[in-house]
Amino acid sequence: MHGASWSIGIRIFEGVGKGAMRIDVVTLFPELIENCLRSGVVGRAQERGLLAVRTWNPRDFATDSHRTVDDRPCGGGPGMVMMIGPLQAALERAQDGDGPVRTVYLSPQGVRLTQAKVAQFARGPRLVLLCGRYEGVDERLLAHAVDEEVSIGDYVLSGGELAAAVLIDAIGRLQDGALNDAQSAEQDSFSDGLLDCPHYTRPVRGALGDVPPVLLSGDHAAIRRWRRKQALGRTWLRRPDLLARTELDAESRRLLDEFRREHEAARDQTEAGTRPD
Ligand code: 6GU
């Protein structure tokens, strides 16, 4: 059977609008992709017809009675390699249809995924994701059919599926109408090259401490400055590599300076308090 399966069923796929971003995933574990994307913002984006995810299983394109998709590596060594035949057939079906398609292979050898790259993918219109298992995919197929190779970080997963789900989640939530509050995507970590500021909710006083008073002041300009300052400060403390790549305006430089001076003063205080006499 050379059929595709829809992630959340025919009924919903038929309801997909013309503007929906379409993502086709070639994978030996379609249920892994589908289960990952059922809940929350991205599940809802699919229900709203903003995103359509389709899976294609290379095993359905195998030509022998055992439905073989892998073979021993040429040159010997451990593990198996995904063979060209069934994978190419599945990929061709996944790439089929109107308009340009970008084909991405998920692997630890790829270029590291960033929010900028996610935003570029999210502008669509179509993406085909190829998930490897075992030791990987025959290099000749990658050279022939793949436009780019993407990694989600410097660690090894047992296959590309979770990486594909990560990528689809990040893309899905950026689709127009996916987030209930349109501003929340703009306020995300990384969207301006900085980490996010801390967040608080009620109760404003509690055993674990009080909410910073400025957030209760109703002074929107002061709240905006405080959040900006915290975002800058955290990025400076935790991810100086991000800060080094971010162009700061005069106000941001001043706020970061303030944060650093306060941080250093607090640190000097702590050190004075713990110094033996
Ligand atoms: Cl995209 N695939 C696999 N298998 N492992 C990874 C990865 C991708 N990104 C980081 N580790």
# chains A, B, ... in the order shown; residues from 1 in each chain; ligands from 1
call {"tool": "residues_near_ligand", "arguments": {"ligand": "ligand 1", "cutoff": "10 Å", "atoms": "only C-alpha atoms and all ligand atoms", "output": "short mmCIF file (atom, residue, chain, number, x, y, z; two decimals) with C-alpha atoms, in the first residue's frame"}}
result
data_model
loop_
_atom_site.label_atom_id
_atom_site.label_comp_id
_atom_site.auth_asym_id
_atom_site.auth_seq_id
_atom_site.Cartn_x
_atom_site.Cartn_y
_atom_site.Cartn_z
CA VAL A 104 15.57 18.72 4.72
CA TYR A 105 17.41 15.74 6.20
CA LEU A 106 17.52 15.72 10.01
CA SER A 107 20.88 14.54 11.33
CA PRO A 108 23.55 15.42 13.89
CA GLN A 109 25.84 16.23 10.91
CA GLY A 110 23.54 19.09 9.87
CA VAL A 111 23.74 22.85 10.35
CA ARG A 112 22.51 23.78 13.81
CA LEU A 113 18.86 24.89 13.94
CA LEU A 130 13.54 13.07 5.88
CA CYS A 131 14.12 11.14 9.11
CA GLY A 132 16.96 8.65 9.30
CA ARG A 133 17.24 5.60 11.55
CA TYR A 134 20.08 3.14 12.11
CA GLU A 135 23.50 4.49 11.08
CA GLY A 136 21.91 6.83 8.56
CA GLU A 149 20.87 18.92 6.47
CA VAL A 150 19.76 20.23 9.88
CA SER A 151 20.71 19.24 13.45
CA ILE A 152 18.87 20.32 16.60
CA GLY A 153 21.95 20.25 18.81
CA ASP A 154 25.20 18.54 19.68
CA TYR A 155 23.91 15.25 21.05
CA VAL A 156 22.78 12.04 19.39
CA LEU A 157 19.16 10.87 19.08
CA SER A 158 18.25 7.38 17.95
CA GLY A 159 16.56 8.80 14.85
CA GLY A 160 15.46 12.00 13.14
CA GLU A 161 11.80 11.78 14.26
CA LEU A 162 12.07 13.71 17.51
CA ALA A 163 14.18 16.34 15.74
CA ALA A 164 11.53 16.60 13.00
CA ALA A 165 8.83 16.98 15.67
CA VAL A 166 10.87 19.73 17.32
CA LEU A 167 11.23 21.53 14.00
#
call {"tool": "residues_around", "arguments": {"residues": "Leu216 in chain A", "least_positions_apart": "2", "cutoff": "12 Å", "atoms": "only C-alpha atoms", "output": "list in words"}}
result
Tyr200, Thr201, Arg202, Pro203, Val204, Arg205, Asp210, Val211, Pro212, Pro213, Val214, Gly218, Asp219, His220, Ala222, Ile223 and Trp226 of chain A
call {"tool": "write_last_selection", "arguments": {"atoms": "C-alpha atoms", "output": "PDB file, in the first residue's frame"}}
result
ATOM      1  CA  TYR A 200       5.297  35.939  37.566  1.00  0.00           C
ATOM      2  CA  THR A 201       1.631  35.496  38.426  1.00  0.00           C
ATOM      3  CA  ARG A 202      -0.526  35.697  41.562  1.00  0.00           C
ATOM      4  CA  PRO A 203      -0.264  35.371  44.518  1.00  0.00           C
ATOM      5  CA  VAL A 204       1.974  38.447  44.628  1.00  0.00           C
ATOM      6  CA  ARG A 205       3.250  37.499  48.106  1.00  0.00           C
ATOM      7  CA  ASP A 210       7.267  38.468  46.426  1.00  0.00           C
ATOM      8  CA  VAL A 211       6.633  39.500  42.839  1.00  0.00           C
ATOM      9  CA  PRO A 212       8.944  42.389  41.819  1.00  0.00           C
ATOM     10  CA  PRO A 213       6.978  45.569  42.758  1.00  0.00           C
ATOM     11  CA  VAL A 214       7.469  47.252  39.358  1.00  0.00           C
ATOM     12  CA  GLY A 218       0.768  49.824  36.454  1.00  0.00           C
ATOM     13  CA  ASP A 219       3.560  51.931  34.910  1.00  0.00           C
ATOM     14  CA  HIS A 220       3.774  50.297  31.484  1.00  0.00           C
ATOM     15  CA  ALA A 222       8.704  51.096  33.628  1.00  0.00           C
ATOM     16  CA  ILE A 223       7.509  47.475  33.199  1.00  0.00           C
ATOM     17  CA  TRP A 226      12.411  46.251  33.608  1.00  0.00           C
TER      18      TRP A 226
END
call {"tool": "select_by_dssp", "arguments": {"residues": "range 29-272 of chain A", "states": "strand (DSSP E or B)", "output": "PyMOL selection string"}}
result
chain A and resi 51-56+70-71+81-82+102-112+126-131+137+148-151+205-206+209-210
call {"tool": "write_last_selection", "arguments": {"atoms": "N, CA and C atoms", "output": "CSV table (one decimal), in the first residue's frame"}}
result
chain,number,residue,atom,x,y,z
A,51,LEU,N,-1.8,24.4,9.4
A,51,LEU,CA,-0.7,23.5,9.2
A,51,LEU,C,-1.2,22.1,8.9
A,52,ALA,N,-0.6,21.5,7.9
A,52,ALA,CA,-1.0,20.2,7.5
A,52,ALA,C,0.3,19.3,7.5
A,53,VAL,N,0.3,18.3,8.3
A,53,VAL,CA,1.4,17.4,8.4
A,53,VAL,C,1.0,16.0,7.8
A,54,ARG,N,1.8,15.5,6.9
A,54,ARG,CA,1.5,14.2,6.3
A,54,ARG,C,2.7,13.3,6.5
A,55,THR,N,2.5,12.0,6.7
A,55,THR,CA,3.7,11.1,6.9
A,55,THR,C,3.7,10.1,5.8
A,56,TRP,N,4.9,9.7,5.4
A,56,TRP,CA,5.1,8.6,4.4
A,56,TRP,C,6.1,7.6,4.9
A,70,ASP,N,16.6,-1.5,5.0
A,70,ASP,CA,18.0,-1.2,5.3
A,70,ASP,C,18.9,-2.4,4.9
A,71,ASP,N,20.2,-2.1,4.9
A,71,ASP,CA,21.2,-3.2,4.5
A,71,ASP,C,22.5,-2.9,5.2
A,81,VAL,N,22.4,0.6,7.2
A,81,VAL,CA,22.2,1.9,6.5
A,81,VAL,C,20.9,1.8,5.7
A,82,MET,N,20.1,2.9,5.8
A,82,MET,CA,18.9,2.9,5.0
A,82,MET,C,19.2,2.9,3.5
A,102,ARG,N,11.1,22.4,-0.3
A,102,ARG,CA,12.5,22.3,0.3
A,102,ARG,C,12.6,21.0,1.1
A,103,THR,N,13.6,20.2,0.8
A,103,THR,CA,13.8,18.9,1.4
A,103,THR,C,14.9,19.0,2.4
A,104,VAL,N,14.6,18.6,3.6
A,104,VAL,CA,15.6,18.7,4.7
A,104,VAL,C,15.8,17.3,5.3
A,105,TYR,N,17.0,17.0,5.5
A,105,TYR,CA,17.4,15.7,6.2
A,105,TYR,C,17.8,16.1,7.6
A,106,LEU,N,17.2,15.5,8.6
A,106,LEU,CA,17.5,15.7,10.0
A,106,LEU,C,18.7,14.8,10.4
A,107,SER,N,19.8,15.4,10.9
A,107,SER,CA,20.9,14.5,11.3
A,107,SER,C,21.8,15.4,12.2
A,108,PRO,N,22.6,14.7,13.1
A,108,PRO,CA,23.5,15.4,13.9
A,108,PRO,C,24.7,16.0,13.1
A,109,GLN,N,24.8,15.6,11.8
A,109,GLN,CA,25.8,16.2,10.9
A,109,GLN,C,25.4,17.5,10.3
A,110,GLY,N,24.1,17.9,10.5
A,110,GLY,CA,23.5,19.1,9.9
A,110,GLY,C,24.0,20.4,10.5
A,111,VAL,N,23.5,21.5,9.8
A,111,VAL,CA,23.7,22.8,10.3
A,111,VAL,C,22.8,23.0,11.5
A,112,ARG,N,23.3,23.6,12.6
A,112,ARG,CA,22.5,23.8,13.8
A,112,ARG,C,21.3,24.6,13.6
A,126,ARG,N,6.2,24.9,1.4
A,126,ARG,CA,6.2,23.5,1.6
A,126,ARG,C,7.6,23.0,2.1
A,127,LEU,N,7.5,22.0,3.0
A,127,LEU,CA,8.7,21.4,3.5
A,127,LEU,C,8.6,19.9,3.5
A,128,VAL,N,9.6,19.2,3.1
A,128,VAL,CA,9.7,17.7,3.2
A,128,VAL,C,10.8,17.4,4.1
A,129,LEU,N,10.5,16.6,5.2
A,129,LEU,CA,11.5,16.3,6.2
A,129,LEU,C,11.8,14.8,6.1
A,130,LEU,N,13.1,14.5,6.0
A,130,LEU,CA,13.5,13.1,5.9
A,130,LEU,C,14.2,12.7,7.2
A,131,CYS,N,13.6,11.6,7.8
A,131,CYS,CA,14.1,11.1,9.1
A,131,CYS,C,14.9,9.9,8.9
A,137,VAL,N,21.5,7.3,6.2
A,137,VAL,CA,20.9,7.1,4.9
A,137,VAL,C,22.1,7.0,3.9
A,148,GLU,N,19.1,20.5,2.2
A,148,GLU,CA,19.9,20.9,3.4
A,148,GLU,C,19.8,19.9,4.5
A,149,GLU,N,20.8,19.8,5.3
A,149,GLU,CA,20.9,18.9,6.5
A,149,GLU,C,20.9,19.8,7.7
A,150,VAL,N,19.9,19.4,8.7
A,150,VAL,CA,19.8,20.2,9.9
A,150,VAL,C,19.9,19.4,11.1
A,151,SER,N,20.6,19.9,12.1
A,151,SER,CA,20.7,19.2,13.5
A,151,SER,C,20.0,20.1,14.5
A,205,ARG,N,2.4,37.8,46.9
A,205,ARG,CA,3.2,37.5,48.1
A,205,ARG,C,3.1,36.0,48.4
A,206,GLY,N,4.2,35.4,48.8
A,206,GLY,CA,4.1,34.0,49.2
A,206,GLY,C,5.4,33.5,49.9
A,209,GLY,N,8.6,34.0,48.2
A,209,GLY,CA,9.0,35.4,47.9
A,209,GLY,C,7.9,36.3,47.3
A,210,ASP,N,8.2,37.5,47.0
A,210,ASP,CA,7.3,38.5,46.4
A,210,ASP,C,7.5,38.7,44.9
call {"tool": "atom_distance", "arguments": {"atom1": "CA of Glu258 in chain A", "atom2": "CA of Gly193 in chain A"}}
result
19.6 Å
